[in-house]
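K.L.:
Following this message is one structure expressed as structure tokens.
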Protein chains: 2
Amino acid sequence: MFESRFQSFVALGDPSHGRARVSQLRAELAKQGLAGFIVPRADEHQNEYVPANAERLRWLTGFAGSAGLAVVLKDTAALFVDGRYTQQVKTEADASLFEFRRVPEDPPSEWIAGQLKQGDKLGYDPRLQTPEAVARYAAACEKAGASLVPVDSNPVDAIWPDRPPPPLGTIAPHKLRFAGEGALQKIARVRQALGSSHGLLISDPHNLAWLFNIRGSDVSYTPLPIGWAYLPLEGRPIVFLDGRKLSPASRLSLTRHADLLEPDALLGFVEDLGRRGERVAFDAATVPAYLTQAFERAAGKAEIGADPITLMKAKKNPAELAGARSAHERDGAAMTNFLAWFATKAPRSRLTEIDAVKALETFRRASPALKDLSFPTIAGAGPNSAIPHYRVSEESNRKIERGIFLIDSGAQYEDGTTDITRTIAVGRPSPLMRDRFTRVLKGHIAVARAVFPPGTNGAQIDALARAALWRAGLDFDHGTGHGIGSYLSVHEGPQRIAKTGTTALAPGMIISNEPGYYAAGAFGIRIENLVVVEERAIAGGERPMLGFETLSFAPIDLSLVEPKLMDAAEIAWLNDYHARVRRVLSPRVDSSTRRWLAKATQRLAPAKHPVSS
Amino acid sequence: MFESRFQSFVALGDPSHGRARVSQLRAELAKQGLAGFIVPRADEHQNEYVPANAERLRWLTGFAGSAGLAVVLKDTAALFVDGRYTQQVKTEADASLFEFRRVPEDPPSEWIAGQLKQGDKLGYDPRLQTPEAVARYAAACEKAGASLVPVDSNPVDAIWPDRPPPPLGTIAPHKLRFAGEGALQKIARVRQALGSSHGLLISDPHNLAWLFNIRGSDVSYTPLPIGWAYLPLEGRPIVFLDGRKLSPASRLSLTRHADLLEPDALLGFVEDLGRRGERVAFDAATVPAYLTQAFERAAGKAEIGADPITLMKAKKNPAELAGARSAHERDGAAMTNFLAWFATKAPRSRLTEIDAVKALETFRRASPALKDLSFPTIAGAGPNSAIPHYRVSEESNRKIERGIFLIDSGAQYEDGTTDITRTIAVGRPSPLMRDRFTRVLKGHIAVARAVFPPGTNGAQIDALARAALWRAGLDFDHGTGHGIGSYLSVHEGPQRIAKTGTTALAPGMIISNEPGYYAAGAFGIRIENLVVVEERAIAGGERPMLGFETLSFAPIDLSLVEPKLMDAAEIAWLNDYHARVRRVLSPRVDSSTRRWLAKATQRLAPAKHPVSS
């Protein structure tokens with residue numbers, strides 16, 4: 001009955017080939033006179049989801065996480081992963097081949113500086129590293145008296161016999177009624193933001209997609225077209241895309257505003273710009289070093305900074321916001337149909353995590369508007385719920401038993417991208433679970449209710465999300481919120497709600513509100529809605545203020561709420577939210593869900609004897 | 001009966017001499033071939049309180065604020081001040097001579113770039129500017145095709161006939177029982193923090209005072225000795241101080257650990273370091289550009305960054321914290337004697353702001369431990385309370401009538417520096433005053449009660465101080481908190497509670513907690529206590545947490561509190577604080593004050609029908 005089409009449950013990691021492949025790589029390095037080589041989990045655009053032909057780190061080491069980096073030297077090698085993957089790496093890569101190290105605490109550059117010998121040459125692929133990363137590794141090599149050298153072609157590719165070809169996903173126009181602004185106007189706005197540069201090299205495919213109102217299908221979960229563009233201050237922009245990917249409609253719409261070239265023309269084009277002495281802006285976050293290096297060698301003046309499109313794209317226009325609201329109503333209905341089904345089945349049907357993922361996807365597919373998931377659904381039962389980025393596979397799949405079940409999922413629709421997490425109690429939750437859930441909910445509500453002046457950044461809001469946990473000596477080890485694209489990436493910058501969030505929150509920005517709590521080996525909690533920054537008129541107020549409109553709709557499990565820990569304003573928020581959920585979703589869900597929804601969103605009464613927290 | 005010895009009420013600003021002096025300066029500039037000159041309100045150490053001979057900006061323009069900068073060109077001139085001084089500058093400087101511009105919105109570098117002509121030479125005094133400021137002005141000149149040139153001697157000094165000589169304030173040892181750590185141990189700790197540098201040039205007199213456990217008397221309100229030091233990685237440190245300032249005891253204690261040289265030996269010494277190719281750390285915040293320029297010209301490798309002493313000095317040791325607690329109990333008693341006196345006198349005695357300042361200083365002088373005020377007392381009645389940095393003069397002095405009176409003051413004791421603000425209602429306050437006061441108090445309490453993990457910075461805490469104001473569409477335009485020295489400056493970095501506070505709050509840091517609200521022309525509110533960051537054990541907690549211990553003791557005016565706006569936890573904090581104030585101060589105040597104190601600190605009952613805010 002239920003099936004999954006967008007997500008596989010095959011275990012991706014596999015430590016068994018590492019020994020042979022690392023040994024082949026070392027032979028290849030010896031041939032090239034290199035003492036070692038850096039293998040990042042990256043493509044030429046620093047994408048989060050990379051095409052299959054860029055999965056070099058996974059092919060070489062077996063490690064299948066979404067971020068990581070290996071450094072392979074003659075006699076030793078290290079694999080660097082962040083806190084999300086310190087457990088996973090142990091089962092997916094061979095500990096007799098690699099030292100496992102945790103970033104950012106233990107950065108690759110320090111390890112490199114400590115391991116290399118005087119005169120060593122450490123190779124790197126300048127197509128897979130940003131200029132800033134290259135500078136960092138070069139400094140590390142210099143400390144050891146060694147040198148960092150770019151390779152012309154990647155030595156991993158030389159030993160990877162069945163490496164897939166580059167993707168040829170179809171590119172289609174993104175309709176103006178969803179985009180809300182034509183490419184010509186966008187181009188004019190970007191040009192105004194260029195300052196002293198003669199042009200902008202667009203290396204972030206999300207920004208390419210936004211500027212020209214196109215969407216692609218080169219990677220999973222994000223409808224981005226892998227490609228490049230150059231936007232000169234004057235004259236026609238040039239788009240570098242594999243012509244085989246263009247639908248007739250997208251070719252027509254692109255060539256109205258831009259010239260088309262094949263991606264292999266890019267390097268020569270950039271060198272020409274350099275030879276003409278142009279001052280060109282490059283995106284520090286995504287541009288591969290080989291481009292800026294070639295440009296500067298040719299005497300160009302590189303201005304490496306933030307691509308101004310990134311901030312423009314983050315601020316959604318009225319059409320994008322209207323789309324987001326529609327997408328969230330549609331997605332909330334699917335999610336709520338799932339929750340109602342789960343509430344009936346879970347206590348008596350011995351469901352597994354995979355059953356739940358398949359069911360949720362199937363409820364979403366009931367709408368023909370569904371294009372894709374926005375990421376593989378995270379569905380964790382019991383102890384698996386305590387792994388914030390858990391990916392269920394046939395091997396890890398758990399039965400959903402009494403206790404906590406956490407499900408974090410999202411969808412891609414043409415009118416918007418969604419991302420929602422609910423934590424559900426199966427059976428009667430323990431007092432500890434209720435205490436922790438309520439503290440996370442207090443943080444979620446503190447963000448949802450926040451009022452703040454223009455200029456406030458996500459680091460300041462982040463403290464509100466954590467205060468109720470901090471007071472109890474608790475915390476969680478991920479950000480509170482990330483930006484979200486408009487039928488684009490589910491993780492989009494530059495704004496974040498996190499200690500590192502230095503971008504001011506501005507009207508139109510969509511961002512997640514997802515505080516959590518994780519008791520390793522026991523249970524995890526996360527409550528996530530998307531919110532949009534809006535202007536907030538305040539009666540009697542003296543200054544302009546901003547606030548959040550919550551976009552996501554689905555009940556929050558009341559059996560996990562301890563009213564004693566909540567103040568009157570928090571309970572009022574929860575009741576108002578649930579009334580809105582009921583009003584918006586009742587006409588959109590099936591009749592049995594409607595009955596369940598009425599109960600799931602009933603008013604919560606304030607506690608008679610609240611506990612001061 | 002009451003008198004002021006540490007503070008004068010003479011109006012300092014005076015626009016009447018500007019025209020003649022600017023005209024003399026222009027003649028002097030013409031002689032030197034300069035198209036203009038930059039006159040900052042600065043000494044050679046970027047001190048907040050500068051010696052009289054460094055008050056060039058005031059002498060030239062008449063403007064007497066504590067921060068500002070003039071740029072005088074051939075036919076035009078501008079005076080740049082921040083938001084605190086935009087009103088004051090209009091009465092103290094001549095608007096027909098200067099354009100008044102507001103920083104940071106309207107920075108001098110943009111004005112310079114717009115005004116200078118191709119080939120112009122703009123002069124600056126490299127003793128009064130940091131390298132970073134020089135780079136900024138140089139870039140501005142370059143934009144206009146002009147150049148920035150250092151002067152050998154300051155042209156303002158050439159036309160200032162009665163310029164005072166440099167101060168010769170006595171330097172005395174700072175006793176070990178207050179300092180808590182000997183100079184030798186401090187020197188060893190600083191050396192460990194030097195990284196790859198061969199030595200540290202200490203240009204901040206506060207850091208000089210801290211490192212060698214000395215205190216001086218060269219400027220008002222801060223017991224700092226103007227001077228320099230060089231701390232080599234190995235060998236004896238060299239201290240550059242005018243020998244006439246050293247008491248026999250301080251000479252003895254200094255020469256135990258360091259060699260002494262006269263300040264005029266500094267430049268040659270730094271050049272020698274440069275010629276030897278040394279790598280020297282300089283303090284970016286305070287080092288004058290002439291030193292780094294001379295050092296680099298001599299082939300030295302300058303590492304311009306944060307002086308590591310600044311962070312060490314900010315974290316007070318147990319002896320300094322014990323001293324701070326004693327100082328605050330003593331100072332709180334004086335403040336409370338004042339408040340009790342004021343409560344009796346103010347409603348029926350037609351007191352003025354100056355009367356109040358004199359009375360408070362006199363109550364403080366009752367303790368022989370008082371060394372100085374830590375800044376001129378800010379005492380504002382009615383509309384003057386709405387000026388955050390108001391300085392009362394004979395001219396501005398107002399009668400204290402029904403309404404708001406705000407008093408912000410502090411003292412220097414050998415065991416600690418204090419800073420406290422109370423806002424008092426004279427007569428019955430209006431509902432609006434009570435609403436605003438209560439919102440400010442809620443912010444104050446949110447900071448005082450905050451619990452947060454190590455690594456949290458002041459920008460995150462700042463949002464807590466403002467949330468209750470933001471919710472009502474209100475805010476205030478200054479930081480929530482600044483660091484405080486230990487018998488040193490009342491404003492000390494690097495930590496701040498402010499949107500710009502990026503330094504992590506660490507145990508032992510003392511910082512002010514002073515949210516406010518200002519209705520221009522009507523009334524202002526500020527509630528300030530000092531707090532110290534402490535480790536906080538939490539029953540059932542899983543992670544280390546920090547919190548604040550409040551150090552300041554004085555009642556908060558209950559007639560301004562609206563209990564309906566406060567939740568149970570806030571009222572509990574206020575009642576606990578007042579109980580502590582009563583317990584600590586009752587034995588220390590006079591008997592009539594004791595009776596008043598008991599009433600002023602009575603328990604507040606929670607409102608029966610609180611308003612959700």
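Chain lettering (A, B, ...) mirrors the order of the structure tokens, residue numbering begins at 1 for each chain separately, and ligand numbering begins at 1 in order of display.
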Counting only C-alpha atoms, which residues of chain B come no farther than 10 Å from chain A, as JSON, numbers by chain?

P.N.:
{"B": [449, 450, 451, 452, 453, 455, 456, 457, 458, 459, 460, 461, 462, 463, 464, 466, 467, 468, 469, 470, 471, 472, 473, 474, 475, 498, 499, 519, 536, 537, 538, 539, 540, 541, 542, 543, 544, 545, 546, 547, 567, 568, 569, 570, 572, 610, 611, 612, 613]}

K.L.:
Can I get the selected residues back with N, CA and C atoms, as a CSV table (one decimal), in the first residue's frame?

P.N.:
chain,number,residue,atom,x,y,z
B,449,ARG,N,19.0,36.9,35.8
B,449,ARG,CA,18.6,35.5,36.0
B,449,ARG,C,19.1,34.6,34.9
B,450,ALA,N,19.8,35.1,33.9
B,450,ALA,CA,20.2,34.3,32.8
B,450,ALA,C,21.1,33.2,33.2
B,451,VAL,N,20.9,32.0,32.6
B,451,VAL,CA,21.7,30.9,32.7
B,451,VAL,C,22.1,30.5,31.3
B,452,PHE,N,23.4,30.3,31.0
B,452,PHE,CA,23.9,30.1,29.7
B,452,PHE,C,25.2,29.3,29.7
B,453,PRO,N,25.5,28.6,28.6
B,453,PRO,CA,26.7,27.7,28.6
B,453,PRO,C,27.9,28.5,28.3
B,455,GLY,N,30.9,30.0,26.3
B,455,GLY,CA,30.9,30.2,24.9
B,455,GLY,C,29.9,31.2,24.5
B,456,THR,N,28.8,31.4,25.3
B,456,THR,CA,27.8,32.4,25.0
B,456,THR,C,28.4,33.8,25.1
B,457,ASN,N,28.0,34.6,24.1
B,457,ASN,CA,28.6,36.0,24.1
B,457,ASN,C,27.5,37.0,24.5
B,458,GLY,N,28.0,38.3,24.6
B,458,GLY,CA,27.1,39.3,25.1
B,458,GLY,C,26.0,39.7,24.1
B,459,ALA,N,26.2,39.5,22.8
B,459,ALA,CA,25.2,39.8,21.8
B,459,ALA,C,23.9,38.9,22.1
B,460,GLN,N,24.2,37.6,22.5
B,460,GLN,CA,23.1,36.7,22.8
B,460,GLN,C,22.3,37.2,24.0
B,461,ILE,N,23.1,37.6,25.1
B,461,ILE,CA,22.4,38.0,26.3
B,461,ILE,C,21.7,39.3,26.1
B,462,ASP,N,22.2,40.2,25.2
B,462,ASP,CA,21.6,41.5,25.0
B,462,ASP,C,20.1,41.3,24.6
B,463,ALA,N,19.8,40.3,23.8
B,463,ALA,CA,18.4,40.2,23.3
B,463,ALA,C,17.5,39.9,24.5
B,464,LEU,N,18.0,39.3,25.6
B,464,LEU,CA,17.2,39.0,26.8
B,464,LEU,C,16.8,40.3,27.5
B,466,ARG,N,16.3,43.2,26.1
B,466,ARG,CA,15.4,44.0,25.3
B,466,ARG,C,14.1,43.4,25.0
B,467,ALA,N,13.9,42.1,25.2
B,467,ALA,CA,12.7,41.4,24.7
B,467,ALA,C,11.4,42.1,25.2
B,468,ALA,N,11.3,42.5,26.5
B,468,ALA,CA,10.1,43.1,27.0
B,468,ALA,C,9.8,44.5,26.4
B,469,LEU,N,10.9,45.2,26.0
B,469,LEU,CA,10.7,46.5,25.3
B,469,LEU,C,10.3,46.2,23.9
B,470,TRP,N,11.0,45.3,23.2
B,470,TRP,CA,10.7,45.0,21.8
B,470,TRP,C,9.3,44.6,21.6
B,471,ARG,N,8.8,43.8,22.5
B,471,ARG,CA,7.4,43.3,22.4
B,471,ARG,C,6.4,44.5,22.4
B,472,ALA,N,6.8,45.6,23.0
B,472,ALA,CA,5.9,46.8,23.0
B,472,ALA,C,6.3,47.8,22.0
B,473,GLY,N,7.2,47.4,21.1
B,473,GLY,CA,7.7,48.4,20.0
B,473,GLY,C,8.6,49.4,20.5
B,474,LEU,N,9.4,49.1,21.6
B,474,LEU,CA,10.3,50.1,22.2
B,474,LEU,C,11.7,49.5,22.2
B,475,ASP,N,12.7,50.4,22.4
B,475,ASP,CA,14.1,49.9,22.5
B,475,ASP,C,14.9,51.0,23.1
B,498,ALA,N,25.9,43.6,24.3
B,498,ALA,CA,25.5,44.5,23.3
B,498,ALA,C,25.4,43.7,22.0
B,499,LYS,N,24.8,44.3,21.0
B,499,LYS,CA,24.7,43.6,19.7
B,499,LYS,C,26.1,43.3,19.1
B,519,ALA,N,12.4,58.6,26.6
B,519,ALA,CA,11.4,59.4,25.9
B,519,ALA,C,11.9,60.8,25.8
B,536,ARG,N,27.7,27.9,37.4
B,536,ARG,CA,26.4,27.6,38.1
B,536,ARG,C,26.1,26.1,38.0
B,537,ALA,N,26.1,25.5,39.2
B,537,ALA,CA,25.8,24.1,39.3
B,537,ALA,C,24.3,24.0,39.3
B,538,ILE,N,23.7,23.1,38.4
B,538,ILE,CA,22.3,22.9,38.3
B,538,ILE,C,21.9,21.5,38.6
B,539,ALA,N,21.1,21.3,39.6
B,539,ALA,CA,20.6,19.9,40.0
B,539,ALA,C,20.0,19.3,38.8
B,540,GLY,N,20.4,18.1,38.4
B,540,GLY,CA,19.8,17.4,37.3
B,540,GLY,C,20.3,17.8,35.9
B,541,GLY,N,21.2,18.9,35.9
B,541,GLY,CA,21.7,19.4,34.6
B,541,GLY,C,22.7,18.4,34.0
B,542,GLU,N,22.9,18.6,32.7
B,542,GLU,CA,23.8,17.7,32.0
B,542,GLU,C,25.1,18.4,31.5
B,543,ARG,N,25.0,19.7,31.5
B,543,ARG,CA,26.1,20.5,30.9
B,543,ARG,C,26.6,21.6,31.9
B,544,PRO,N,27.8,22.0,31.8
B,544,PRO,CA,28.3,23.2,32.6
B,544,PRO,C,27.5,24.4,32.2
B,545,MET,N,27.2,25.2,33.1
B,545,MET,CA,26.4,26.4,32.8
B,545,MET,C,27.0,27.6,33.6
B,546,LEU,N,26.8,28.8,33.1
B,546,LEU,CA,27.2,30.0,33.8
B,546,LEU,C,26.0,30.8,34.1
B,547,GLY,N,26.2,31.8,35.1
B,547,GLY,CA,25.1,32.7,35.4
B,547,GLY,C,25.8,34.0,35.9
B,567,ASP,N,5.9,38.5,35.8
B,567,ASP,CA,5.5,37.1,36.0
B,567,ASP,C,6.1,36.7,37.4
B,568,ALA,N,5.7,35.5,37.9
B,568,ALA,CA,6.0,35.1,39.2
B,568,ALA,C,7.5,35.0,39.4
B,569,ALA,N,8.3,34.5,38.4
B,569,ALA,CA,9.7,34.4,38.5
B,569,ALA,C,10.4,35.7,38.7
B,570,GLU,N,9.9,36.7,38.0
B,570,GLU,CA,10.4,38.1,38.0
B,570,GLU,C,10.2,38.7,39.4
B,572,ALA,N,9.7,37.1,42.1
B,572,ALA,CA,10.5,36.3,43.1
B,572,ALA,C,12.0,36.9,43.1
B,610,PRO,N,-2.5,39.2,36.2
B,610,PRO,CA,-1.4,39.7,35.4
B,610,PRO,C,-1.8,39.9,33.9
B,611,VAL,N,-1.1,40.8,33.3
B,611,VAL,CA,-1.4,41.0,31.9
B,611,VAL,C,-0.3,40.2,31.1
B,612,SER,N,-0.7,39.4,30.2
B,612,SER,CA,0.3,38.6,29.5
B,612,SER,C,1.1,39.6,28.6
B,613,SER,N,2.4,39.5,28.7
B,613,SER,CA,3.2,40.4,27.9
B,613,SER,C,4.1,39.7,27.0

K.L.:
From the DSSP assignment of the backbone, select every residue of segment 415-465 of chain A that is helix (DSSP H, G or I), and format the answer as a list in words.

P.N.:
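Reading the DSSP output for segment 415-465 of chain A, helix (DSSP H, G or I) covers Pro431, Leu432, Met433, Arg434, Asp435, Arg436, Phe437, Thr438, Arg439, Val440, Leu441, Lys442, Gly443, His444, Ile445, Ala446, Val447, Ala448, Gly458, Ala459, Gln460, Ile461, Asp462, Ala463, Leu464 and Ala465 of chain A.
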
K.L.:
With distances taken over only C-alpha atoms, which residue among A:Thr503, A:Gln185, A:Thr61, A:Gln129 lies nearest Phe100 of chain A?

P.N.:
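Looking only at the distances to Phe100 of chain A, the closest residue turns out to be A:Thr61.
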
K.L.:
Can you tell me which residues surround Glu262 of chain B at a distance of at most 12 Å, considering only C-alpha atoms, apart from same-chain residues fewer than 2 positions away, and format the answer as number ranges by chain?

P.N.:
B: 226-229, 238-246, 259-260, 264-269

K.L.:
What does the file look like for those residues with N, CA, C and O atoms, as a short mmCIF file (atom, residue, chain, number, x, y, z; two decimals), in the first residue's frame?

P.N.:
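Written out: again11.cif:
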data_model
loop_
_atom_site.label_atom_id
_atom_site.label_comp_id
_atom_site.auth_asym_id
_atom_site.auth_seq_id
_atom_site.Cartn_x
_atom_site.Cartn_y
_atom_site.Cartn_z
N ILE B 226 50.09 56.89 32.73
CA ILE B 226 50.39 56.96 31.30
C ILE B 226 51.82 56.50 31.07
O ILE B 226 52.76 57.00 31.71
N GLY B 227 51.99 55.52 30.23
CA GLY B 227 53.30 54.93 30.00
C GLY B 227 53.19 53.72 29.10
O GLY B 227 52.12 53.42 28.56
N TRP B 228 54.30 53.04 28.94
CA TRP B 228 54.41 51.96 27.98
C TRP B 228 55.24 50.85 28.60
O TRP B 228 55.95 51.06 29.57
N ALA B 229 55.20 49.67 27.99
CA ALA B 229 56.15 48.62 28.39
C ALA B 229 56.42 47.73 27.20
O ALA B 229 55.62 47.67 26.25
N ILE B 238 60.85 45.92 29.89
CA ILE B 238 61.25 47.33 30.01
C ILE B 238 59.98 48.17 30.16
O ILE B 238 59.05 48.04 29.36
N VAL B 239 59.97 49.02 31.19
CA VAL B 239 58.84 49.91 31.42
C VAL B 239 59.27 51.32 31.09
O VAL B 239 60.34 51.77 31.51
N PHE B 240 58.44 52.00 30.29
CA PHE B 240 58.73 53.38 29.89
C PHE B 240 57.80 54.32 30.65
O PHE B 240 56.62 54.46 30.31
N LEU B 241 58.32 54.93 31.71
CA LEU B 241 57.54 55.83 32.54
C LEU B 241 58.39 57.02 32.91
O LEU B 241 59.60 56.89 33.14
N ASP B 242 57.76 58.18 33.01
CA ASP B 242 58.47 59.37 33.48
C ASP B 242 58.89 59.12 34.93
O ASP B 242 58.04 58.95 35.82
N GLY B 243 60.19 59.11 35.19
CA GLY B 243 60.72 58.75 36.52
C GLY B 243 60.21 59.65 37.63
O GLY B 243 60.12 59.22 38.79
N ARG B 244 59.81 60.87 37.27
CA ARG B 244 59.32 61.80 38.29
C ARG B 244 57.99 61.35 38.90
O ARG B 244 57.58 61.83 39.94
N LYS B 245 57.31 60.44 38.19
CA LYS B 245 55.99 60.03 38.68
C LYS B 245 56.08 58.90 39.71
O LYS B 245 55.09 58.60 40.38
N LEU B 246 57.25 58.27 39.82
CA LEU B 246 57.34 57.05 40.63
C LEU B 246 57.57 57.37 42.10
O LEU B 246 58.55 58.02 42.46
N ASP B 259 63.24 46.70 33.84
CA ASP B 259 64.12 47.85 33.70
C ASP B 259 63.27 49.08 33.41
O ASP B 259 62.21 48.98 32.78
N LEU B 260 63.75 50.22 33.85
CA LEU B 260 63.00 51.46 33.67
C LEU B 260 63.68 52.34 32.64
O LEU B 260 64.89 52.56 32.70
N ASP B 264 60.72 58.98 26.35
CA ASP B 264 61.28 59.45 25.08
C ASP B 264 62.29 58.46 24.49
O ASP B 264 62.77 58.64 23.38
N ALA B 265 62.59 57.41 25.24
CA ALA B 265 63.47 56.36 24.70
C ALA B 265 62.69 55.33 23.89
O ALA B 265 63.28 54.45 23.25
N LEU B 266 61.34 55.42 23.92
CA LEU B 266 60.52 54.35 23.34
C LEU B 266 60.72 54.20 21.84
O LEU B 266 60.92 53.08 21.34
N LEU B 267 60.66 55.32 21.11
CA LEU B 267 60.72 55.23 19.65
C LEU B 267 62.02 54.56 19.20
O LEU B 267 62.00 53.63 18.39
N GLY B 268 63.15 55.01 19.75
CA GLY B 268 64.43 54.41 19.39
C GLY B 268 64.48 52.93 19.74
O GLY B 268 65.01 52.11 18.98
N PHE B 269 63.90 52.60 20.89
CA PHE B 269 63.88 51.20 21.33
C PHE B 269 63.11 50.33 20.34
O PHE B 269 63.56 49.25 19.95
#

K.L.:
Quick one: residues within 6 Å of segment 335-338 of chain A, only C-alpha atoms counted, chain neighbours fewer than 6 positions away excluded, as a VMD selection string?

P.N.:
chain A and resid 360 554 593

K.L.:
Would you mind listing what lies within 8 Å of Ser4 of chain B as a list in words, with only C-alpha atoms counted and same-chain residues fewer than 3 positions away left out?

P.N.:
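So, after excluding close chain neighbours, the residues are Gln7, Ser8, Val357, Lys358, Ala359, Glu361 and Thr362 of chain B.
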
K.L.:
Counting only C-alpha atoms, which residues of segment 265-291 of chain B sit at most 10 Å from some atom of segment 134-153 of chain B, and what is each one's closest atom pair with its distance in Å to one decimal, listed by chain and rising residue number, as a Markdown table?

P.N.:
| residue | atom | partner | partner_atom | distance |
| --- | --- | --- | --- | --- |
| B:Pro288 | CA | B:Val134 | CA | 9.6 |
| B:Ala289 | CA | B:Val134 | CA | 7.2 |
| B:Tyr290 | CA | B:Pro150 | CA | 8.5 |

K.L.:
Convert the current residue selection to file output with all heavy atoms, as an mmCIF file, in the first residue's frame.

P.N.:
data_model
loop_
_atom_site.group_PDB
_atom_site.id
_atom_site.type_symbol
_atom_site.label_atom_id
_atom_site.label_comp_id
_atom_site.auth_asym_id
_atom_site.auth_seq_id
_atom_site.Cartn_x
_atom_site.Cartn_y
_atom_site.Cartn_z
ATOM 1 N N PRO B 288 49.712 53.556 18.785
ATOM 2 C CA PRO B 288 49.730 54.642 17.813
ATOM 3 C C PRO B 288 50.502 54.228 16.567
ATOM 4 O O PRO B 288 51.503 53.500 16.634
ATOM 5 C CB PRO B 288 50.423 55.780 18.542
ATOM 6 C CG PRO B 288 51.185 55.155 19.653
ATOM 7 C CD PRO B 288 50.557 53.820 19.959
ATOM 8 N N ALA B 289 50.037 54.706 15.426
ATOM 9 C CA ALA B 289 50.602 54.271 14.150
ATOM 10 C C ALA B 289 52.086 54.621 14.020
ATOM 11 O O ALA B 289 52.826 53.900 13.350
ATOM 12 C CB ALA B 289 49.805 54.885 13.001
ATOM 13 N N TYR B 290 52.525 55.701 14.686
ATOM 14 C CA TYR B 290 53.934 56.076 14.489
ATOM 15 C C TYR B 290 54.864 54.987 14.987
ATOM 16 O O TYR B 290 55.963 54.811 14.452
ATOM 17 C CB TYR B 290 54.251 57.439 15.129
ATOM 18 C CG TYR B 290 54.614 57.412 16.591
ATOM 19 C CD1 TYR B 290 55.948 57.484 17.015
ATOM 20 C CD2 TYR B 290 53.627 57.323 17.565
ATOM 21 C CE1 TYR B 290 56.279 57.463 18.359
ATOM 22 C CE2 TYR B 290 53.949 57.308 18.911
ATOM 23 C CZ TYR B 290 55.272 57.372 19.310
ATOM 24 O OH TYR B 290 55.597 57.338 20.641
#

K.L.:
Would you list, as a PyMOL selection string, the residues of segment 60-236 of chain A that end up in strand (DSSP E or B) under DSSP run on this structure's backbone?

P.N.:
chain A and resi 69-73+77-82+99-103+121-124+147-150+171-173+199-202+214-215+228-232

K.L.:
For Gly481 of chain A, find every residue with an atom within 12 Å (counting only C-alpha atoms), except residues of its own chain fewer than 5 positions away, and show them as a VMD selection string.

P.N.:
chain A and resid 419 to 420 443 to 444 447 to 448 457 to 459 461 to 463 465 490 to 501 505 509 to 516 526 to 532

K.L.:
Show which residues sit within 12 Å of Asn317 of chain A, as a list in words. Count only C-alpha atoms, and ignore same-chain residues fewer than 5 positions away.

P.N.:
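Close residues of Asn317 of chain A: Leu176, Arg177, Phe178, Ala179, Gly180, Glu181, Gly182, Lys186, Met312, Ala322, Gly323, Ala324, Gly485, Ser486, Ala506, Pro507, Gly508, Met509, Ile510, Val532, Val533 and Glu534 of chain A.
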
K.L.:
Store the residues picked out above, limited to C-alpha atoms, as a short mmCIF file (atom, residue, chain, number, x, y, z; two decimals), in the first residue's frame.

P.N.:
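The result, written out as part10.cif:
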data_model
loop_
_atom_site.label_atom_id
_atom_site.label_comp_id
_atom_site.auth_asym_id
_atom_site.auth_seq_id
_atom_site.Cartn_x
_atom_site.Cartn_y
_atom_site.Cartn_z
CA LEU A 176 6.79 33.63 -13.16
CA ARG A 177 3.70 33.15 -11.00
CA PHE A 178 5.92 31.24 -8.55
CA ALA A 179 9.10 33.28 -9.02
CA GLY A 180 7.29 36.59 -8.70
CA GLU A 181 9.98 38.59 -10.48
CA GLY A 182 11.32 38.31 -14.01
CA LYS A 186 16.57 40.47 -11.07
CA MET A 312 18.46 38.73 -2.44
CA ALA A 322 1.97 33.20 -1.29
CA GLY A 323 3.44 30.05 -2.85
CA ALA A 324 5.04 29.06 0.42
CA GLY A 485 14.69 28.14 -0.59
CA SER A 486 11.65 28.70 -2.76
CA ALA A 506 14.89 40.76 7.19
CA PRO A 507 11.26 40.67 6.03
CA GLY A 508 10.57 37.81 3.62
CA MET A 509 13.28 35.50 4.91
CA ILE A 510 11.99 31.98 5.57
CA VAL A 532 8.81 33.87 7.76
CA VAL A 533 10.11 37.22 8.97
CA GLU A 534 7.40 39.88 8.73
#

K.L.:
Given the choices B:Ala20, B:Val589, B:Val426, B:Ala77, which gets closest to Trp59 of chain B if the distance is worked out from only C-alpha atoms?

P.N.:
B:Ala20
